[in-house]
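Peer 1: As input, take data14.tsv (TSV, C-alpha atoms):
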```tsv
chain	number	residue	atom	x	y	z
A	1	MET	CA	-24.70	25.30	9.32
A	2	THR	CA	-25.78	21.72	9.72
A	3	ARG	CA	-23.81	18.89	8.25
A	4	PRO	CA	-25.51	16.68	5.65
A	5	GLU	CA	-26.38	13.27	6.93
A	6	LYS	CA	-24.86	10.19	5.40
A	7	GLN	CA	-27.21	8.09	3.38
A	8	PRO	CA	-27.07	4.35	4.11
A	9	ALA	CA	-26.99	3.52	0.42
A	10	SER	CA	-23.88	5.61	-0.12
A	11	CYS	CA	-22.11	4.69	3.09
A	12	ASN	CA	-18.82	3.33	1.93
A	13	GLY	CA	-17.66	0.15	3.62
A	14	CYS	CA	-21.06	-0.84	5.08
A	15	ASN	CA	-20.40	-4.27	3.58
A	16	LEU	CA	-17.10	-5.37	5.10
A	17	PHE	CA	-16.60	-8.31	2.75
A	18	SER	CA	-16.34	-8.30	-1.03
A	19	ALA	CA	-16.14	-11.39	-3.23
A	20	SER	CA	-14.27	-9.28	-5.79
A	21	SER	CA	-11.15	-9.25	-3.60
A	22	VAL	CA	-11.27	-13.04	-3.37
A	23	VAL	CA	-11.37	-13.45	-7.16
A	24	ALA	CA	-8.68	-10.82	-7.71
A	25	GLY	CA	-6.45	-12.38	-5.06
A	26	TYR	CA	-6.74	-15.84	-6.60
A	27	VAL	CA	-5.80	-14.69	-10.11
A	28	SER	CA	-2.90	-12.51	-8.94
A	29	GLY	CA	-1.54	-15.25	-6.67
A	30	CYS	CA	-1.32	-17.80	-9.48
A	31	ALA	CA	0.29	-15.26	-11.81
A	32	GLY	CA	2.91	-14.37	-9.21
A	33	ILE	CA	3.91	-17.98	-8.57
A	34	VAL	CA	4.50	-18.72	-12.26
A	35	VAL	CA	6.75	-15.66	-12.61
A	36	GLY	CA	8.59	-15.80	-9.30
A	37	HIS	CA	9.16	-19.45	-8.43
A	38	PRO	CA	12.42	-20.02	-10.37
A	39	LEU	CA	14.00	-16.94	-8.79
A	40	ASP	CA	12.74	-18.07	-5.39
A	41	SER	CA	14.55	-21.38	-5.87
A	42	ILE	CA	17.78	-19.53	-6.70
A	43	LYS	CA	17.31	-17.41	-3.58
A	44	VAL	CA	16.96	-20.47	-1.33
A	45	LEU	CA	19.99	-22.16	-2.91
A	46	LEU	CA	22.13	-19.04	-2.38
A	47	GLN	CA	21.00	-18.69	1.22
A	48	THR	CA	21.69	-22.29	2.20
A	49	GLN	CA	24.81	-23.26	0.26
A	50	SER	CA	27.99	-23.68	2.24
A	51	ASN	CA	30.75	-21.09	2.28
A	52	GLU	CA	33.34	-23.84	1.83
A	53	PRO	CA	34.34	-24.81	-1.71
A	54	PRO	CA	32.93	-28.17	-2.82
A	55	ARG	CA	35.28	-31.15	-2.54
A	56	SER	CA	36.42	-32.59	-5.82
A	57	ARG	CA	37.73	-35.91	-6.95
A	58	VAL	CA	41.27	-34.54	-6.80
A	59	ASP	CA	41.03	-34.79	-3.00
A	60	ALA	CA	40.91	-38.58	-3.35
A	61	ARG	CA	44.24	-38.85	-5.15
A	62	PRO	CA	47.21	-40.36	-3.27
A	63	THR	CA	49.32	-37.85	-1.37
A	64	PRO	CA	52.93	-37.20	-2.40
A	65	PRO	CA	54.35	-39.38	0.47
A	66	LEU	CA	52.28	-42.34	-0.76
A	67	GLN	CA	53.47	-41.77	-4.29
A	68	ARG	CA	57.08	-41.74	-3.16
A	69	ALA	CA	56.50	-44.94	-1.20
A	70	ARG	CA	54.98	-46.60	-4.23
A	71	ALA	CA	57.89	-45.49	-6.39
A	72	SER	CA	60.33	-47.21	-4.05
A	73	MET	CA	58.46	-50.55	-4.15
A	74	THR	CA	58.73	-53.33	-6.67
A	75	GLY	CA	57.15	-56.71	-7.21
A	76	PRO	CA	54.53	-58.05	-4.75
A	77	ALA	CA	54.99	-55.13	-2.37
A	78	PHE	CA	54.14	-52.67	-5.13
A	79	ALA	CA	51.05	-54.68	-6.11
A	80	ARG	CA	49.77	-54.78	-2.53
A	81	ALA	CA	50.36	-51.06	-2.09
A	82	SER	CA	48.59	-50.33	-5.38
A	83	MET	CA	45.54	-52.38	-4.34
A	84	SER	CA	45.46	-50.71	-0.94
A	85	THR	CA	45.76	-47.20	-2.36
A	86	SER	CA	43.18	-47.97	-5.03
A	87	SER	CA	40.69	-49.16	-2.40
A	88	ALA	CA	41.29	-46.07	-0.27
A	89	SER	CA	40.73	-43.85	-3.30
A	90	SER	CA	37.46	-45.62	-4.12
A	91	LEU	CA	36.20	-45.26	-0.56
A	92	ALA	CA	37.14	-41.58	-0.53
A	93	LEU	CA	35.30	-41.02	-3.80
A	94	GLU	CA	32.21	-42.77	-2.47
A	95	ALA	CA	32.31	-40.68	0.70
A	96	ASN	CA	32.62	-37.49	-1.31
A	97	ALA	CA	29.75	-38.50	-3.57
A	98	SER	CA	27.49	-39.24	-0.62
A	99	GLN	CA	28.26	-35.83	0.85
A	100	ILE	CA	27.51	-34.02	-2.40
A	101	GLU	CA	24.15	-35.71	-2.80
A	102	ARG	CA	22.49	-34.12	0.22
A	103	PRO	CA	21.29	-31.54	-0.20
A	104	THR	CA	21.92	-30.28	-3.74
A	105	THR	CA	22.55	-26.58	-3.23
A	106	THR	CA	24.78	-25.85	-6.23
A	107	ILE	CA	23.03	-23.48	-8.61
A	108	GLY	CA	25.26	-24.29	-11.57
A	109	LYS	CA	24.00	-27.88	-11.66
A	110	ARG	CA	20.34	-26.86	-11.83
A	111	THR	CA	18.29	-26.72	-15.01
A	112	LEU	CA	15.37	-24.36	-15.55
A	113	ARG	CA	13.02	-27.27	-14.99
A	114	SER	CA	14.65	-28.12	-11.66
A	115	LEU	CA	14.29	-24.48	-10.57
A	116	TYR	CA	10.54	-25.08	-10.77
A	117	ALA	CA	10.90	-27.87	-8.18
A	118	GLY	CA	8.40	-27.24	-5.42
A	119	ILE	CA	5.94	-25.32	-7.58
A	120	PRO	CA	3.00	-27.81	-7.48
A	121	GLY	CA	2.18	-27.05	-3.85
A	122	PRO	CA	2.38	-23.24	-4.10
A	123	LEU	CA	0.60	-23.24	-7.47
A	124	LEU	CA	-2.29	-25.28	-6.09
A	125	THR	CA	-2.57	-23.31	-2.90
A	126	SER	CA	-1.21	-19.84	-3.70
A	127	GLY	CA	-4.40	-18.74	-5.40
A	128	ILE	CA	-6.42	-19.78	-2.35
A	129	LEU	CA	-3.97	-18.25	0.12
A	130	GLN	CA	-3.77	-15.00	-1.82
A	131	SER	CA	-7.57	-14.95	-1.92
A	132	LEU	CA	-7.66	-15.22	1.87
A	133	ASN	CA	-4.85	-12.69	2.21
A	134	PHE	CA	-6.46	-10.04	0.03
A	135	ALA	CA	-9.92	-10.75	1.47
A	136	VAL	CA	-8.65	-10.05	5.00
A	137	TYR	CA	-6.67	-7.05	3.73
A	138	ASP	CA	-9.64	-5.57	1.87
A	139	SER	CA	-12.11	-6.21	4.71
A	140	SER	CA	-9.71	-4.68	7.24
A	141	ARG	CA	-9.34	-1.54	5.13
A	142	ARG	CA	-13.13	-1.20	4.85
A	143	PHE	CA	-13.57	-1.66	8.61
A	144	LEU	CA	-10.81	0.77	9.55
A	145	TYR	CA	-12.14	3.29	7.04
A	146	GLN	CA	-15.53	3.23	8.75
A	147	ILE	CA	-13.80	4.01	12.07
A	148	GLN	CA	-11.72	6.73	10.40
A	149	GLU	CA	-14.77	8.43	8.92
A	150	ALA	CA	-16.67	8.27	12.19
A	151	SER	CA	-13.79	9.71	14.20
A	152	ASP	CA	-12.92	12.44	11.66
A	153	GLY	CA	-16.52	13.54	11.14
A	154	ASN	CA	-15.69	14.06	7.49
A	155	TYR	CA	-18.96	14.76	5.73
A	156	SER	CA	-17.62	17.15	3.06
A	157	ARG	CA	-17.93	14.68	0.21
A	158	THR	CA	-21.66	14.55	-0.47
A	159	GLN	CA	-21.40	11.88	-3.15
A	160	ARG	CA	-19.59	8.74	-2.13
A	161	ARG	CA	-18.51	5.71	-4.09
A	162	VAL	CA	-18.12	2.11	-3.08
A	163	ASP	CA	-14.34	2.28	-3.58
A	164	ASP	CA	-13.76	5.49	-1.60
A	165	TYR	CA	-11.75	3.61	1.01
A	166	LEU	CA	-9.21	2.68	-1.69
A	167	HIS	CA	-8.34	6.35	-2.16
A	168	TYR	CA	-9.12	8.15	1.09
A	169	ASP	CA	-8.19	5.81	3.94
A	170	SER	CA	-5.04	6.65	5.88
A	171	LEU	CA	-1.72	4.93	5.18
A	172	ARG	CA	-1.79	3.74	8.77
A	173	ASN	CA	-4.96	1.81	7.93
A	174	VAL	CA	-3.19	0.31	4.91
A	175	ALA	CA	-0.21	-0.84	7.00
A	176	LEU	CA	-2.42	-2.30	9.75
A	177	SER	CA	-4.57	-4.10	7.18
A	178	GLY	CA	-1.50	-5.56	5.51
A	179	ALA	CA	-0.13	-6.74	8.86
A	180	ALA	CA	-3.49	-8.32	9.77
A	181	ALA	CA	-3.63	-10.17	6.45
A	182	GLY	CA	-0.06	-11.44	6.81
A	183	ALA	CA	-0.65	-12.57	10.40
A	184	PHE	CA	-3.84	-14.43	9.44
A	185	THR	CA	-2.36	-16.32	6.48
A	186	SER	CA	0.96	-17.14	8.21
A	187	VAL	CA	-0.75	-20.07	9.91
A	188	PHE	CA	-1.50	-21.56	6.51
A	189	THR	CA	1.67	-20.56	4.67
A	190	SER	CA	4.15	-21.99	7.20
A	191	PRO	CA	3.60	-25.66	6.18
A	192	MET	CA	3.78	-24.66	2.51
A	193	ILE	CA	7.05	-22.72	2.91
A	194	ILE	CA	8.70	-25.56	4.83
A	195	THR	CA	7.63	-28.14	2.25
A	196	LYS	CA	8.63	-25.90	-0.66
A	197	THR	CA	12.08	-25.23	0.83
A	198	LYS	CA	12.70	-28.95	1.23
A	199	GLN	CA	11.64	-29.55	-2.38
A	200	GLN	CA	13.96	-26.83	-3.63
A	201	LEU	CA	16.97	-28.09	-1.69
A	202	GLN	CA	16.44	-31.83	-2.12
A	203	ASN	CA	14.74	-31.69	-5.54
A	204	TRP	CA	11.96	-33.90	-4.16
A	205	SER	CA	8.31	-34.23	-5.07
A	206	PHE	CA	5.70	-32.35	-3.04
A	207	LYS	CA	4.36	-35.56	-1.49
A	208	ARG	CA	7.78	-36.85	-0.47
A	209	ALA	CA	8.82	-33.53	1.08
A	210	ALA	CA	5.56	-33.15	3.02
A	211	LEU	CA	5.59	-36.72	4.32
A	212	ASP	CA	9.27	-36.54	5.30
A	213	THR	CA	8.55	-33.51	7.49
A	214	TYR	CA	5.67	-35.31	9.18
A	215	ARG	CA	7.65	-38.55	9.74
A	216	ARG	CA	10.56	-36.69	11.30
A	217	ASN	CA	8.80	-34.09	13.43
A	218	GLY	CA	5.09	-34.77	13.36
A	219	PHE	CA	2.54	-32.00	12.90
A	220	ARG	CA	4.66	-29.47	14.81
A	221	GLY	CA	7.36	-29.87	12.17
A	222	TYR	CA	5.25	-27.73	9.85
A	223	TYR	CA	5.57	-24.82	12.31
A	224	MET	CA	9.25	-24.97	13.23
A	225	GLY	CA	10.71	-21.52	13.86
A	226	PHE	CA	7.26	-20.03	13.46
A	227	GLY	CA	8.27	-16.72	15.03
A	228	LEU	CA	10.60	-16.00	12.10
A	229	HIS	CA	7.92	-16.94	9.60
A	230	PHE	CA	5.32	-14.82	11.38
A	231	THR	CA	7.66	-11.82	11.28
A	232	CYS	CA	8.28	-12.25	7.57
A	233	ASP	CA	4.58	-12.48	6.77
A	234	CYS	CA	3.17	-9.91	9.19
A	235	PHE	CA	5.80	-7.16	9.08
A	236	GLY	CA	6.65	-7.86	5.44
A	237	ARG	CA	3.05	-7.55	4.31
A	238	ALA	CA	2.64	-4.27	6.18
A	239	VAL	CA	5.71	-2.77	4.46
A	240	TYR	CA	4.62	-4.24	1.12
A	241	MET	CA	1.15	-2.74	0.99
A	242	LEU	CA	2.13	0.52	2.69
A	243	THR	CA	4.86	1.20	0.12
A	244	TYR	CA	2.60	0.30	-2.80
A	245	GLU	CA	-0.29	2.54	-1.73
A	246	SER	CA	2.02	5.38	-0.74
A	247	MET	CA	3.74	5.45	-4.13
A	248	LYS	CA	0.45	5.20	-6.02
A	249	ARG	CA	-0.99	8.15	-4.14
A	250	GLN	CA	2.12	10.26	-4.69
A	251	LEU	CA	1.92	9.60	-8.43
A	252	ALA	CA	-1.82	10.37	-8.40
A	253	ARG	CA	-1.25	13.71	-6.65
A	254	ARG	CA	1.41	14.69	-9.17
A	255	LYS	CA	-0.87	13.89	-12.09
A	256	GLY	CA	-4.04	15.22	-10.45
A	257	ASP	CA	-5.91	12.00	-11.18
A	258	GLU	CA	-6.59	9.17	-8.74
A	259	ASN	CA	-6.80	6.67	-11.62
A	260	ILE	CA	-3.12	6.24	-12.47
A	261	SER	CA	-1.88	4.26	-15.46
A	262	LEU	CA	-0.95	0.58	-15.52
A	263	LEU	CA	2.73	1.45	-15.94
A	264	ASP	CA	2.57	3.60	-12.80
A	265	ARG	CA	1.05	0.70	-10.91
A	266	ILE	CA	3.73	-1.68	-12.18
A	267	ALA	CA	6.51	0.70	-11.12
A	268	SER	CA	4.92	1.21	-7.68
A	269	ALA	CA	4.45	-2.53	-7.20
A	270	ALA	CA	8.02	-3.36	-8.23
A	271	ALA	CA	9.42	-0.81	-5.78
A	272	ALA	CA	7.12	-2.11	-3.01
A	273	GLY	CA	8.27	-5.69	-3.53
A	274	MET	CA	11.94	-4.76	-3.50
A	275	ILE	CA	11.66	-2.57	-0.38
A	276	CYS	CA	9.62	-5.23	1.41
A	277	TRP	CA	12.13	-8.01	0.80
A	278	ALA	CA	15.11	-5.82	1.61
A	279	SER	CA	13.53	-5.12	5.01
A	280	ILE	CA	12.75	-8.73	5.95
A	281	PHE	CA	15.64	-10.50	4.21
A	282	PRO	CA	17.69	-11.33	7.36
A	283	PHE	CA	14.64	-13.03	8.90
A	284	ASP	CA	14.03	-14.96	5.69
A	285	LEU	CA	17.65	-16.07	5.41
A	286	VAL	CA	17.77	-17.37	8.98
A	287	ARG	CA	14.44	-19.10	8.38
A	288	SER	CA	15.82	-20.92	5.32
A	289	LYS	CA	18.96	-22.01	7.17
A	290	LEU	CA	16.87	-23.17	10.12
A	291	TYR	CA	14.73	-25.27	7.80
A	292	MET	CA	17.81	-26.82	6.20
A	293	LYS	CA	19.22	-27.81	9.60
A	294	SER	CA	15.93	-29.45	10.51
A	295	PHE	CA	16.15	-31.85	7.56
A	296	LYS	CA	18.67	-34.00	9.44
A	297	SER	CA	17.11	-33.72	12.89
A	298	ASP	CA	14.14	-35.38	14.54
A	299	VAL	CA	13.67	-32.38	16.84
A	300	PRO	CA	12.16	-29.35	15.07
A	301	PRO	CA	14.10	-26.13	15.79
A	302	SER	CA	12.38	-23.27	17.59
A	303	THR	CA	12.39	-19.53	17.03
A	304	LEU	CA	15.02	-19.25	19.78
A	305	ASP	CA	17.24	-21.62	17.79
A	306	GLY	CA	16.87	-19.24	14.87
A	307	ILE	CA	17.94	-16.27	17.00
A	308	LEU	CA	20.98	-18.19	18.25
A	309	LEU	CA	21.82	-19.19	14.68
A	310	ALA	CA	21.67	-15.56	13.55
A	311	ARG	CA	23.92	-14.54	16.44
A	312	GLU	CA	26.42	-17.25	15.55
A	313	MET	CA	26.47	-16.11	11.92
A	314	VAL	CA	27.14	-12.49	12.92
A	315	VAL	CA	29.91	-13.46	15.35
A	316	GLN	CA	31.67	-15.72	12.84
A	317	ARG	CA	31.23	-13.81	9.57
A	318	GLY	CA	29.84	-10.38	10.44
A	319	TRP	CA	26.53	-8.67	9.67
A	320	THR	CA	26.99	-9.15	5.95
A	321	SER	CA	26.33	-12.87	6.43
A	322	LEU	CA	22.67	-12.03	7.06
A	323	TYR	CA	22.39	-10.57	3.56
A	324	ARG	CA	23.80	-13.40	1.48
A	325	GLY	CA	21.73	-13.67	-1.70
A	326	VAL	CA	19.92	-10.37	-1.09
A	327	GLY	CA	20.60	-9.22	-4.65
A	328	VAL	CA	18.78	-12.16	-6.22
A	329	THR	CA	15.93	-11.86	-3.73
A	330	VAL	CA	15.38	-8.15	-4.36
A	331	ALA	CA	15.69	-8.70	-8.12
A	332	ARG	CA	13.08	-11.46	-7.85
A	333	ALA	CA	10.72	-9.37	-5.73
A	334	GLY	CA	10.50	-6.60	-8.30
A	335	PRO	CA	8.98	-8.50	-11.25
A	336	VAL	CA	6.85	-10.72	-9.02
A	337	ALA	CA	5.25	-7.77	-7.23
A	338	ALA	CA	4.95	-5.97	-10.56
A	339	VAL	CA	2.68	-8.84	-11.66
A	340	ILE	CA	0.72	-9.55	-8.47
A	341	LEU	CA	-0.41	-6.10	-7.33
A	342	PRO	CA	-1.38	-4.57	-10.72
A	343	VAL	CA	-3.19	-7.80	-11.64
A	344	TYR	CA	-5.03	-7.60	-8.31
A	345	ASP	CA	-6.00	-3.97	-8.88
A	346	THR	CA	-7.10	-4.62	-12.47
A	347	VAL	CA	-9.19	-7.68	-11.69
A	348	LEU	CA	-10.70	-6.02	-8.61
A	349	ALA	CA	-11.78	-2.98	-10.64
A	350	ASN	CA	-13.25	-5.07	-13.46
A	351	VAL	CA	-15.03	-7.59	-11.26
A	352	SER	CA	-16.42	-4.86	-9.00
```
What would the structure in this file look like if it were written as structure tokens?
Peer 2:
Amino acid sequence: MTRPEKQPASCNGCNLFSASSVVAGYVSGCAGIVVGHPLDSIKVLLQTQSNEPPRSRVDARPTPPLQRARASMTGPAFARASMSTSSASSLALEANASQIERPTTTIGKRTLRSLYAGIPGPLLTSGILQSLNFAVYDSSRRFLYQIQEASDGNYSRTQRRVDDYLHYDSLRNVALSGAAAGAFTSVFTSPMIITKTKQQLQNWSFKRAALDTYRRNGFRGYYMGFGLHFTCDCFGRAVYMLTYESMKRQLARRKGDENISLLDRIASAAAAGMICWASIFPFDLVRSKLYMKSFKSDVPPSTLDGILLAREMVVQRGWTSLYRGVGVTVARAGPVAAVILPVYDTVLANVS
């Protein structure tokens, strides 16, 4: 029995690029930033704040020995001692104030508006970056699906649709496509993440944060510790998309229908976001701390510096130190992913 030949018109994936994925990526990226940015600010503040309790004004009060000395003085001697102690207290207060001002990492002092610090840059660029990300992801899945079909010799489905690859490609293809998209966009997202982190910690404007990085470290300052950032984007994106597609397909098999409901997509996306961030959180935490250290240095730290920093944290405070703030991060990832991925799927289906 001869196998039916594929017809060029029905050959899924012949066109490796689709403008629909660009439009869907742009819309979903903007929606995700609006929902997730405040929680992202809280995550960065938790990751970078010191373990030591903040110094208070009580520290500037005279010590008991000074008080006893003052109590034993009278007349001019008491006046001179009072002036001297007063001056020392003022200087101590000024020193404490200067230390508290940089950077502001106390969550309790932040308003909702300040938690949106750093959003102009991501909001302006996130749509574009997500467009690129999903375009590379979608094109990679189409390309790998062509290879899969050719190698499998699967000609059993006589009628093919343009979106067959969305349902029948292997999960390995999904993971590889996600990794490829993350690797591609990491070159563009690194400057944005560094600038955004500085805005969140210093409560600066986008322009001030971007220019400060350039003045201190030049162009290479936008790629400090790039190995950590690349790992977060590449590996994280692979886990993200793999988990999402895997859960969708399991739900589709249970219901016997490949077109699952919006609620199923939201649940799958939320789980994918939480699993993704739980897997890359140590890399993200070290990245944030590395960025914070660079704010006071004219030499941008390298990926090796990040590895040494992580080792120092583990030696001093144990492995749990690499998961500080993980609860907020995972909680943030759920609703953000629950917006981005279903919005992407919905817009992609409607535009297509």
Peer 1: Counting all atoms listed in the file, which residue out of A:Arg317, A:Arg332, A:Arg249, A:Arg311 sits closest to Ser41 of chain A?
Peer 2: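 Looking only at the distances to Ser41 of chain A, the closest residue turns out to be A:Arg332.
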Peer 1: Rounded to one decimal place, report the atom CA of Val239 of chain A-atom CA of Met192 of chain A distance in Å.
Peer 2: 22.1 Å
Peer 1: Using only C-alpha atoms, can you tell me which of A:Thr48, A:Ser139, A:Cys276, A:Lys255 comes closest to Ser321 of chain A?
Peer 2: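 Ranked by minimum distance to Ser321 of chain A, first place goes to A:Thr48.
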Peer 1: Skip Thr243 of chain A itself and residues of its chain fewer than 5 positions away, then list as a list in words all residues within 8 Å of it, counting only C-alpha atoms.
Peer 2: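 Listing them by chain and then by number gives Ser268, Ala271, Ala272 and Ile275 of chain A.
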Peer 1: Can you work out which one of A:Leu304, A:Ile119, A:Leu285, A:Ala180 has the shortest atom-to-atom distance to Phe134 of chain A, counting all atoms listed in the file?
Peer 2: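 When distances to Phe134 of chain A are compared using all atoms listed in the file, the smallest one comes from A:Ala180.
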Peer 1: Using only C-alpha atoms, which residue out of A:Ala209, A:Ala252, A:Leu45, A:Ala183 lies closest to His167 of chain A?
Peer 2: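 Of the candidates, the smallest distance to His167 of chain A is held by A:Ala252.
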Peer 1: Which residue is closest to Gln199 of chain A? Choose from A:Leu171, A:Val44, A:Ala270, A:Ile147 and count only C-alpha atoms.
Peer 2: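 When distances to Gln199 of chain A are compared using only C-alpha atoms, the smallest one comes from A:Val44.
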Peer 1: In terms of the shortest atom-to-atom distance over all atoms listed in the file, which of A:Ser177, A:Ser205, A:Thr320, A:Ser288 is closest to Tyr240 of chain A?
Peer 2: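 Comparing A:Ser177, A:Ser205, A:Thr320, A:Ser288 against Tyr240 of chain A, the winner is A:Ser177.
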Peer 1: Would you compute the distance between atom CA of Pro191 of chain A and atom CA of Arg220 of chain A? Give it in Å to one decimal.
Peer 2: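 Here the two named atoms are 9.5 Å from each other.
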Peer 1: What does the distance between atom CA of Pro335 of chain A and atom CA of Leu124 of chain A come to in Å, to one decimal place?
Peer 2: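 A separation of 20.9 Å between them.
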Peer 1: Taking a cut-off of 10 Å and counting only C-alpha atoms, can you build a table that, for each residue of segment 289-347 of chain A near segment 33-38 of chain A, reports the nearest atom pair and how far apart they are in Å (one decimal), sorted by chain then residue number, as JSON lines?
Peer 2:
```
{"residue": "A:Arg332", "atom": "CA", "partner": "A:Gly36", "partner_atom": "CA", "distance": 6.4}
{"residue": "A:Ala333", "atom": "CA", "partner": "A:Gly36", "partner_atom": "CA", "distance": 7.7}
{"residue": "A:Gly334", "atom": "CA", "partner": "A:Gly36", "partner_atom": "CA", "distance": 9.4}
{"residue": "A:Pro335", "atom": "CA", "partner": "A:Gly36", "partner_atom": "CA", "distance": 7.6}
{"residue": "A:Val336", "atom": "CA", "partner": "A:Gly36", "partner_atom": "CA", "distance": 5.4}
{"residue": "A:Ala337", "atom": "CA", "partner": "A:Gly36", "partner_atom": "CA", "distance": 8.9}
{"residue": "A:Val339", "atom": "CA", "partner": "A:Val35", "partner_atom": "CA", "distance": 8.0}
{"residue": "A:Ile340", "atom": "CA", "partner": "A:Ile33", "partner_atom": "CA", "distance": 9.0}
```
Peer 1: Is there a way to get, as a ChimeraX atom specification, all residues within 9 Å of the point (11.3, -21.7, 5.3) in file coordinates, counting all atoms listed in the file?
Peer 2: /A:44,190-198,224-225,228-229,284-292
Peer 1: Quick one: residues within 8 Å of Lys43 of chain A, all atoms listed in the file counted, chain neighbours fewer than 5 positions away excluded, as a count of residues only?
Peer 2: 4
Peer 1: Mind rebuilding segment 29-43 of chain A with N, CA, C and O atoms and writing that out as a tab-separated table (two decimals), in the frame of the given file?
Peer 2:
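Wrote it out as out00.tsv, contents follow:
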```tsv
chain	number	residue	atom	x	y	z
A	29	GLY	N	-2.41	-14.29	-7.34
A	29	GLY	CA	-1.54	-15.25	-6.67
A	29	GLY	C	-0.96	-16.28	-7.63
A	29	GLY	O	0.24	-16.57	-7.59
A	30	CYS	N	-1.79	-16.82	-8.50
A	30	CYS	CA	-1.32	-17.80	-9.48
A	30	CYS	C	-0.32	-17.17	-10.46
A	30	CYS	O	0.70	-17.77	-10.80
A	31	ALA	N	-0.61	-15.95	-10.88
A	31	ALA	CA	0.29	-15.26	-11.81
A	31	ALA	C	1.66	-15.01	-11.17
A	31	ALA	O	2.70	-15.18	-11.80
A	32	GLY	N	1.65	-14.64	-9.90
A	32	GLY	CA	2.91	-14.37	-9.21
A	32	GLY	C	3.77	-15.59	-9.02
A	32	GLY	O	5.00	-15.52	-9.12
A	33	ILE	N	3.14	-16.75	-8.76
A	33	ILE	CA	3.91	-17.98	-8.57
A	33	ILE	C	4.60	-18.40	-9.86
A	33	ILE	O	5.77	-18.79	-9.86
A	34	VAL	N	3.91	-18.32	-10.98
A	34	VAL	CA	4.50	-18.72	-12.26
A	34	VAL	C	5.72	-17.86	-12.59
A	34	VAL	O	6.75	-18.36	-13.06
A	35	VAL	N	5.65	-16.57	-12.29
A	35	VAL	CA	6.75	-15.66	-12.61
A	35	VAL	C	7.89	-15.79	-11.61
A	35	VAL	O	9.07	-15.80	-11.99
A	36	GLY	N	7.57	-15.92	-10.33
A	36	GLY	CA	8.59	-15.80	-9.30
A	36	GLY	C	9.22	-17.06	-8.77
A	36	GLY	O	10.26	-17.00	-8.11
A	37	HIS	N	8.65	-18.24	-9.06
A	37	HIS	CA	9.16	-19.45	-8.43
A	37	HIS	C	10.60	-19.79	-8.80
A	37	HIS	O	11.38	-20.17	-7.91
A	38	PRO	N	11.02	-19.71	-10.06
A	38	PRO	CA	12.42	-20.02	-10.37
A	38	PRO	C	13.41	-19.13	-9.62
A	38	PRO	O	14.42	-19.62	-9.10
A	39	LEU	N	13.12	-17.84	-9.52
A	39	LEU	CA	14.00	-16.94	-8.79
A	39	LEU	C	13.95	-17.22	-7.30
A	39	LEU	O	14.95	-17.03	-6.59
A	40	ASP	N	12.82	-17.69	-6.80
A	40	ASP	CA	12.74	-18.07	-5.39
A	40	ASP	C	13.62	-19.27	-5.10
A	40	ASP	O	14.26	-19.35	-4.05
A	41	SER	N	13.67	-20.22	-6.03
A	41	SER	CA	14.55	-21.38	-5.87
A	41	SER	C	16.01	-20.96	-5.82
A	41	SER	O	16.78	-21.44	-4.99
A	42	ILE	N	16.40	-20.03	-6.70
A	42	ILE	CA	17.78	-19.53	-6.70
A	42	ILE	C	18.08	-18.84	-5.37
A	42	ILE	O	19.17	-18.99	-4.80
A	43	LYS	N	17.11	-18.09	-4.85
A	43	LYS	CA	17.31	-17.41	-3.58
A	43	LYS	C	17.57	-18.40	-2.46
A	43	LYS	O	18.51	-18.24	-1.66
```
